[in-house]
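Everything below belongs to entry.tsv, which stores TSV, C-alpha atoms.
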chain	number	residue	atom	x	y	z
A	1474	MET	CA	15.87	-29.02	-10.48
A	1475	SER	CA	13.49	-28.63	-7.55
A	1476	GLU	CA	16.40	-27.73	-5.24
A	1477	ARG	CA	17.41	-24.97	-7.64
A	1478	ILE	CA	13.85	-23.61	-7.71
A	1479	GLY	CA	13.77	-23.70	-3.89
A	1480	ALA	CA	17.07	-21.81	-3.75
A	1481	LEU	CA	15.80	-19.21	-6.22
A	1482	ARG	CA	12.64	-18.74	-4.16
A	1483	LEU	CA	14.73	-18.22	-1.04
A	1484	VAL	CA	16.93	-15.66	-2.80
A	1485	GLU	CA	13.85	-13.85	-4.15
A	1486	SER	CA	12.32	-13.86	-0.67
A	1487	VAL	CA	15.42	-12.49	1.02
A	1488	LEU	CA	16.33	-9.89	-1.62
A	1489	LEU	CA	12.91	-8.71	-2.82
A	1490	GLN	CA	9.82	-9.98	-1.06
A	1491	ALA	CA	10.89	-9.54	2.57
A	1492	PRO	CA	12.37	-6.05	2.07
A	1493	PHE	CA	9.33	-4.97	0.02
A	1494	ARG	CA	6.97	-6.30	2.69
A	1495	LEU	CA	8.84	-4.68	5.57
A	1496	ILE	CA	9.46	-1.29	3.92
A	1497	LEU	CA	6.01	-0.94	2.37
A	1498	GLY	CA	4.30	-2.26	5.49
A	1499	GLY	CA	6.30	0.10	7.69
A	1500	LEU	CA	5.52	3.09	5.48
A	1501	PHE	CA	1.80	2.39	5.59
A	1502	VAL	CA	1.75	1.76	9.34
A	1503	PHE	CA	3.55	5.07	9.80
A	1504	ALA	CA	1.17	6.88	7.41
A	1505	ALA	CA	-1.81	5.42	9.28
A	1506	TRP	CA	-0.38	6.52	12.63
A	1507	VAL	CA	0.19	10.07	11.34
A	1508	LYS	CA	-3.38	10.30	10.00
A	1509	LEU	CA	-5.02	8.77	13.06
A	1510	SER	CA	-3.02	10.97	15.44
A	1511	ASN	CA	-4.50	14.07	13.79
A	1512	PRO	CA	-7.77	13.11	12.07
A	1513	GLN	CA	-8.90	16.73	11.71
A	1514	ALA	CA	-5.83	17.60	9.62
A	1515	PHE	CA	-6.42	14.51	7.48
A	1516	ALA	CA	-10.09	15.45	6.99
A	1517	PHE	CA	-9.00	18.93	5.86
A	1518	ALA	CA	-6.52	17.32	3.44
A	1519	ILE	CA	-9.30	15.16	1.96
A	1520	LYS	CA	-11.55	18.23	1.59
A	1521	ALA	CA	-8.72	20.22	0.01
A	1522	PHE	CA	-8.50	17.77	-2.90
A	1523	ASP	CA	-12.02	18.97	-3.82
A	1524	ILE	CA	-13.00	15.63	-5.33
A	1525	ILE	CA	-15.88	14.83	-2.98
A	1526	PRO	CA	-18.62	17.49	-2.93
A	1527	VAL	CA	-18.53	18.86	0.61
A	1528	GLU	CA	-22.27	19.55	0.84
A	1529	SER	CA	-23.42	16.07	-0.14
A	1530	GLY	CA	-20.33	14.15	0.84
A	1531	GLU	CA	-19.57	15.30	4.38
A	1532	HIS	CA	-20.38	11.83	5.72
A	1533	VAL	CA	-18.11	10.25	3.07
A	1534	ILE	CA	-15.25	12.47	4.17
A	1535	LYS	CA	-15.83	11.49	7.82
A	1536	VAL	CA	-15.79	7.79	6.94
A	1537	MET	CA	-12.66	8.19	4.79
A	1538	THR	CA	-10.93	10.13	7.57
A	1539	PHE	CA	-10.95	7.02	9.73
A	1540	ALA	CA	-11.44	4.08	7.34
A	1541	LEU	CA	-8.49	4.90	5.08
A	1542	PRO	CA	-5.86	5.07	7.84
A	1543	TRP	CA	-7.18	1.91	9.51
A	1544	ALA	CA	-7.10	0.06	6.18
A	1545	GLU	CA	-3.54	1.31	5.59
A	1546	GLY	CA	-2.43	0.33	9.09
A	1547	ILE	CA	-3.98	-3.13	9.03
A	1548	CYS	CA	-2.59	-3.85	5.56
A	1549	GLY	CA	0.80	-2.54	6.67
A	1550	VAL	CA	0.87	-4.85	9.70
A	1551	LEU	CA	-0.24	-7.79	7.55
A	1552	LEU	CA	2.59	-7.09	5.10
A	1553	ILE	CA	5.15	-6.86	7.89
A	1554	LEU	CA	3.98	-10.21	9.28
A	1555	GLY	CA	3.59	-11.75	5.86
A	1556	LEU	CA	-0.02	-12.70	6.55
A	1557	PHE	CA	-2.55	-12.39	3.74
A	1558	THR	CA	0.24	-10.74	1.76
A	1559	ARG	CA	-1.47	-10.80	-1.63
A	1560	PRO	CA	-4.81	-9.33	-0.51
A	1561	ALA	CA	-3.08	-6.70	1.67
A	1562	ALA	CA	-0.75	-5.69	-1.17
A	1563	ALA	CA	-3.69	-5.66	-3.62
A	1564	LEU	CA	-5.69	-3.31	-1.38
A	1565	LEU	CA	-2.69	-1.01	-0.96
A	1566	SER	CA	-2.14	-1.09	-4.74
A	1567	LEU	CA	-5.73	-0.04	-5.27
A	1568	GLN	CA	-5.38	2.74	-2.69
A	1569	LEU	CA	-2.17	3.96	-4.32
A	1570	LEU	CA	-3.85	4.04	-7.73
A	1571	VAL	CA	-6.65	6.17	-6.25
A	1572	PHE	CA	-4.11	8.44	-4.54
A	1573	ILE	CA	-2.16	8.84	-7.79
A	1574	GLY	CA	-5.38	9.70	-9.64
A	1575	ALA	CA	-6.35	12.24	-6.97
A	1576	ILE	CA	-2.92	13.87	-7.06
A	1577	ILE	CA	-2.95	14.06	-10.86
A	1578	SER	CA	-6.44	15.60	-10.64
A	1579	VAL	CA	-5.16	18.29	-8.27
A	1580	LEU	CA	-2.18	19.00	-10.53
A	1581	ALA	CA	-4.37	19.15	-13.65
A	1582	ARG	CA	-6.69	21.65	-11.96
A	1583	GLU	CA	-3.62	23.68	-10.89
A	1584	MET	CA	-4.75	23.70	-7.27
A	1585	HIS	CA	-2.42	24.71	-4.45
A	1586	THR	CA	-3.21	21.84	-2.13
A	1587	GLU	CA	-1.14	20.15	0.53
A	1588	CYS	CA	-0.80	16.40	0.74
A	1589	GLY	CA	-1.97	14.73	3.94
A	1590	CYS	CA	-0.22	11.44	3.21
A	1591	PHE	CA	2.53	11.55	5.82
A	1592	GLY	CA	1.55	14.68	7.73
A	1593	LYS	CA	4.52	16.98	8.28
A	1594	TYR	CA	6.92	14.21	7.17
A	1595	ASP	CA	6.87	14.64	3.42
A	1596	TRP	CA	10.13	13.04	2.40
A	1597	PRO	CA	11.40	12.95	-0.37
A	1598	CYS	CA	9.11	15.70	-1.66
A	1599	GLU	CA	10.07	19.16	-0.45
A	1600	GLY	CA	7.19	21.01	1.11
A	1601	ALA	CA	3.69	19.74	1.58
A	1602	LYS	CA	2.33	21.39	-1.59
A	1603	ILE	CA	1.43	18.68	-4.11
A	1604	THR	CA	3.85	18.34	-7.02
A	1605	MET	CA	4.80	15.61	-9.48
A	1606	CYS	CA	7.16	14.36	-6.79
A	1607	HIS	CA	4.11	13.06	-4.92
A	1608	VAL	CA	3.01	11.13	-8.00
A	1609	TRP	CA	6.46	9.55	-8.38
A	1610	ARG	CA	6.61	8.75	-4.67
A	1611	ASP	CA	3.30	6.89	-4.90
A	1612	VAL	CA	4.42	5.12	-8.09
A	1613	ALA	CA	7.58	4.07	-6.23
A	1614	MET	CA	5.34	2.48	-3.56
A	1615	LEU	CA	2.97	1.03	-6.17
A	1616	VAL	CA	5.71	-1.02	-7.87
A	1617	PRO	CA	6.52	-3.21	-4.83
A	1618	ALA	CA	2.82	-3.40	-3.91
A	1619	VAL	CA	1.95	-4.80	-7.34
A	1620	TYR	CA	4.97	-7.12	-7.19
A	1621	LEU	CA	3.80	-8.52	-3.85
A	1622	THR	CA	0.26	-8.86	-5.19
A	1623	ILE	CA	1.57	-10.99	-8.05
A	1624	ARG	CA	4.36	-12.95	-6.33
A	1625	GLY	CA	3.13	-13.16	-2.74
A	1626	GLY	CA	5.08	-12.82	0.47
A	1627	GLY	CA	7.77	-15.41	-0.20
A	1628	VAL	CA	9.21	-18.16	1.94
A	1629	LEU	CA	9.86	-15.83	4.89
A	1630	ALA	CA	6.20	-14.81	5.14
A	1631	LEU	CA	3.81	-16.49	7.54
A	1632	ASP	CA	1.37	-17.22	4.71
A	1633	TRP	CA	3.93	-19.26	2.76
A	1634	PRO	CA	3.66	-22.05	1.52
A	1635	ARG	CA	-0.09	-22.28	2.01
A	1636	GLU	CA	-1.20	-19.78	-0.61
A	1637	ARG	CA	-3.63	-21.65	-2.81
A	1638	GLY	CA	-5.96	-24.32	-1.61
A	1639	GLY	CA	-3.66	-25.31	1.24
A	1640	ARG	CA	-0.90	-26.47	-1.13
A	1641	ALA	CA	2.54	-25.09	-1.53
A	1642	ARG	CA	2.66	-22.54	-4.33
A	1643	GLY	CA	3.42	-24.31	-7.59
A	1644	ALA	CA	2.88	-27.77	-6.17
A	1645	ALA	CA	0.87	-30.18	-8.25
A	1646	PRO	CA	-2.45	-31.40	-6.82
A	1647	GLU	CA	-2.42	-34.92	-5.52
A	1648	ASP	CA	-3.21	-37.46	-8.18
A	1649	SER	CA	-6.63	-38.97	-7.93
A	1650	LEU	CA	-7.38	-42.58	-8.87
A	1651	ASP	CA	-11.08	-41.90	-9.36

Once more with this new file: its structure as structure tokens, please.
Amino acid sequence: MSERIGALRLVESVLLQAPFRLILGGLFVFAAWVKLSNPQAFAFAIKAFDIIPVESGEHVIKVMTFALPWAEGICGVLLILGLFTRPAAALLSLQLLVFIGAIISVLAREMHTECGCFGKYDWPCEGAKITMCHVWRDVAMLVPAVYLTIRGGGVLALDWPRERGGRARGAAPEDSLD
């Protein structure tokens, strides 16, 4: 029975967890690179969403201009390596939920705003103007992020099998005679 569970974990790792980690991690490293290579454009994109009051929140926008891409890049690298997979995926899930909320807010207010997510590379959404395509794109990234938050990085990740308390995931604690 335990051999079958081990085989299923390996299959899950190869078919789901590793591809999710690599693709999602790569996307966020790329998004971070795009934002950090042109921070002024990203700052304008943040301002264009008109969620943070410019007068009182200028310092918040400056912090977000650099903190968000660095968080995305670090989490992306951690996912690619399979280190701290669950916390990295959880942080990216949280970011994606905020992004989805911000995009829906822009759509609800019928604003003509451009997305600064991937700079001039806005695949699969045509044009930079925010549409429902941007929501669905973020939902498509949210699904594997939530999956990795729940299931972890798998057997091919560097943080496997030591996920909880130094034990292999699912392993029973050592019996105590006390």

Name the residues, using the chain letters and numbers of the file, that sit within 12 Å of (6.3, -2.4, -6.9) when counting only C-alpha atoms, and give them as a PDB file with C-alpha atoms, keeping the file's coordinate frame.
ATOM      1  CA  LEU A1489      12.910  -8.710  -2.820  1.00  0.00           C
ATOM      2  CA  GLN A1490       9.820  -9.980  -1.060  1.00  0.00           C
ATOM      3  CA  PRO A1492      12.370  -6.050   2.070  1.00  0.00           C
ATOM      4  CA  PHE A1493       9.330  -4.970   0.020  1.00  0.00           C
ATOM      5  CA  ARG A1494       6.970  -6.300   2.690  1.00  0.00           C
ATOM      6  CA  ILE A1496       9.460  -1.290   3.920  1.00  0.00           C
ATOM      7  CA  LEU A1497       6.010  -0.940   2.370  1.00  0.00           C
ATOM      8  CA  ALA A1562      -0.750  -5.690  -1.170  1.00  0.00           C
ATOM      9  CA  ALA A1563      -3.690  -5.660  -3.620  1.00  0.00           C
ATOM     10  CA  LEU A1565      -2.690  -1.010  -0.960  1.00  0.00           C
ATOM     11  CA  SER A1566      -2.140  -1.090  -4.740  1.00  0.00           C
ATOM     12  CA  LEU A1569      -2.170   3.960  -4.320  1.00  0.00           C
ATOM     13  CA  ARG A1610       6.610   8.750  -4.670  1.00  0.00           C
ATOM     14  CA  ASP A1611       3.300   6.890  -4.900  1.00  0.00           C
ATOM     15  CA  VAL A1612       4.420   5.120  -8.090  1.00  0.00           C
ATOM     16  CA  ALA A1613       7.580   4.070  -6.230  1.00  0.00           C
ATOM     17  CA  MET A1614       5.340   2.480  -3.560  1.00  0.00           C
ATOM     18  CA  LEU A1615       2.970   1.030  -6.170  1.00  0.00           C
ATOM     19  CA  VAL A1616       5.710  -1.020  -7.870  1.00  0.00           C
ATOM     20  CA  PRO A1617       6.520  -3.210  -4.830  1.00  0.00           C
ATOM     21  CA  ALA A1618       2.820  -3.400  -3.910  1.00  0.00           C
ATOM     22  CA  VAL A1619       1.950  -4.800  -7.340  1.00  0.00           C
ATOM     23  CA  TYR A1620       4.970  -7.120  -7.190  1.00  0.00           C
ATOM     24  CA  LEU A1621       3.800  -8.520  -3.850  1.00  0.00           C
ATOM     25  CA  THR A1622       0.260  -8.860  -5.190  1.00  0.00           C
ATOM     26  CA  ILE A1623       1.570 -10.990  -8.050  1.00  0.00           C
ATOM     27  CA  ARG A1624       4.360 -12.950  -6.330  1.00  0.00           C
ATOM     28  CA  GLY A1625       3.130 -13.160  -2.740  1.00  0.00           C
TER      29      GLY A1625
END

As an exercise, work out the distance from CA of Ala1630 (chain A) to CA of Phe1557 (chain A) in Å and give it to one decimal place.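 Separating CA of Ala1630 (chain A) from CA of Phe1557 (chain A) is a distance of 9.2 Å.
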
Counting all atoms listed in the file, the option among A:Cys1590, A:Leu1552, A:Ala1504, A:Ile1478 closest to Phe1517 (chain A): A:Cys1590

I'd like the contact shell of Lys1508 (chain A) - 9 Å cut-off, all atoms listed in the file, skipping same-chain residues fewer than 4 positions apart - returned as a list in words.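 Close residues of Lys1508 (chain A): Phe1503, Ala1504, Pro1512, Gln1513, Ala1514, Phe1515, Ala1516, Thr1538, Phe1539, Leu1541, Pro1542, Gly1589, Cys1590, Phe1591 and Gly1592 of chain A.
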
Suppose we keep C-alpha atoms; can you now write the selection as a PDB file, in the coordinates of the input?
ATOM      1  CA  PHE A1503       3.550   5.070   9.800  1.00  0.00           C
ATOM      2  CA  ALA A1504       1.170   6.880   7.410  1.00  0.00           C
ATOM      3  CA  PRO A1512      -7.770  13.110  12.070  1.00  0.00           C
ATOM      4  CA  GLN A1513      -8.900  16.730  11.710  1.00  0.00           C
ATOM      5  CA  ALA A1514      -5.830  17.600   9.620  1.00  0.00           C
ATOM      6  CA  PHE A1515      -6.420  14.510   7.480  1.00  0.00           C
ATOM      7  CA  ALA A1516     -10.090  15.450   6.990  1.00  0.00           C
ATOM      8  CA  THR A1538     -10.930  10.130   7.570  1.00  0.00           C
ATOM      9  CA  PHE A1539     -10.950   7.020   9.730  1.00  0.00           C
ATOM     10  CA  LEU A1541      -8.490   4.900   5.080  1.00  0.00           C
ATOM     11  CA  PRO A1542      -5.860   5.070   7.840  1.00  0.00           C
ATOM     12  CA  GLY A1589      -1.970  14.730   3.940  1.00  0.00           C
ATOM     13  CA  CYS A1590      -0.220  11.440   3.210  1.00  0.00           C
ATOM     14  CA  PHE A1591       2.530  11.550   5.820  1.00  0.00           C
ATOM     15  CA  GLY A1592       1.550  14.680   7.730  1.00  0.00           C
TER      16      GLY A1592
END

May I have the protein, DNA and RNA residues with an atom at most 9 Å from (4.8, 12.5, -3.8), counting only C-alpha atoms in the file's coordinates, returned as a VMD selection string? chain A and resid 1573 1576 1588 1590 1595 to 1598 1603 to 1612

Let me have the centre and edge lengths in Å, one decimal, of the box along x, y and z around every listed atom of region 1618-1626 of chain A with 6 Å of margin on each side, as AutoDock Vina command-line options.
--center_x 2.7 --center_y -8.3 --center_z -3.8 --size_x 16.8 --size_y 21.8 --size_z 20.5

I want to know what sits within 8 Å of Gly1546 (chain A), based on only C-alpha atoms, with residues of the same chain fewer than 2 positions away left out; could you give that as a count of residues only? 12

Would you mind reading off the distance between CA of Gly1555 (chain A) and CA of Gly1574 (chain A), one decimal, in Å? 27.9 Å

Using only C-alpha atoms, which of A:Ala1581, A:Leu1483, A:Ala1518, A:Ala1575 sits nearest Ala1601 (chain A)?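 Counting only C-alpha atoms, the residue closest to Ala1601 (chain A) is A:Ala1518.
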
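Computed from the coordinates, the CA of Ile1519 (chain A) to CA of Ile1534 (chain A) distance equals 6.9 Å.
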
With distances taken over only C-alpha atoms, which of A:Ala1480, A:Ala1521, A:Leu1567, A:Ala1561 is nearest to His1585 (chain A)?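 Ranked by minimum distance to His1585 (chain A), first place goes to A:Ala1521.
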
Of the candidates A:Asn1511, A:Ser1475, A:Ser1486, A:Ser1529, which shows the shortest atom-to-atom distance to Lys1593 (chain A), using only C-alpha atoms? A:Asn1511
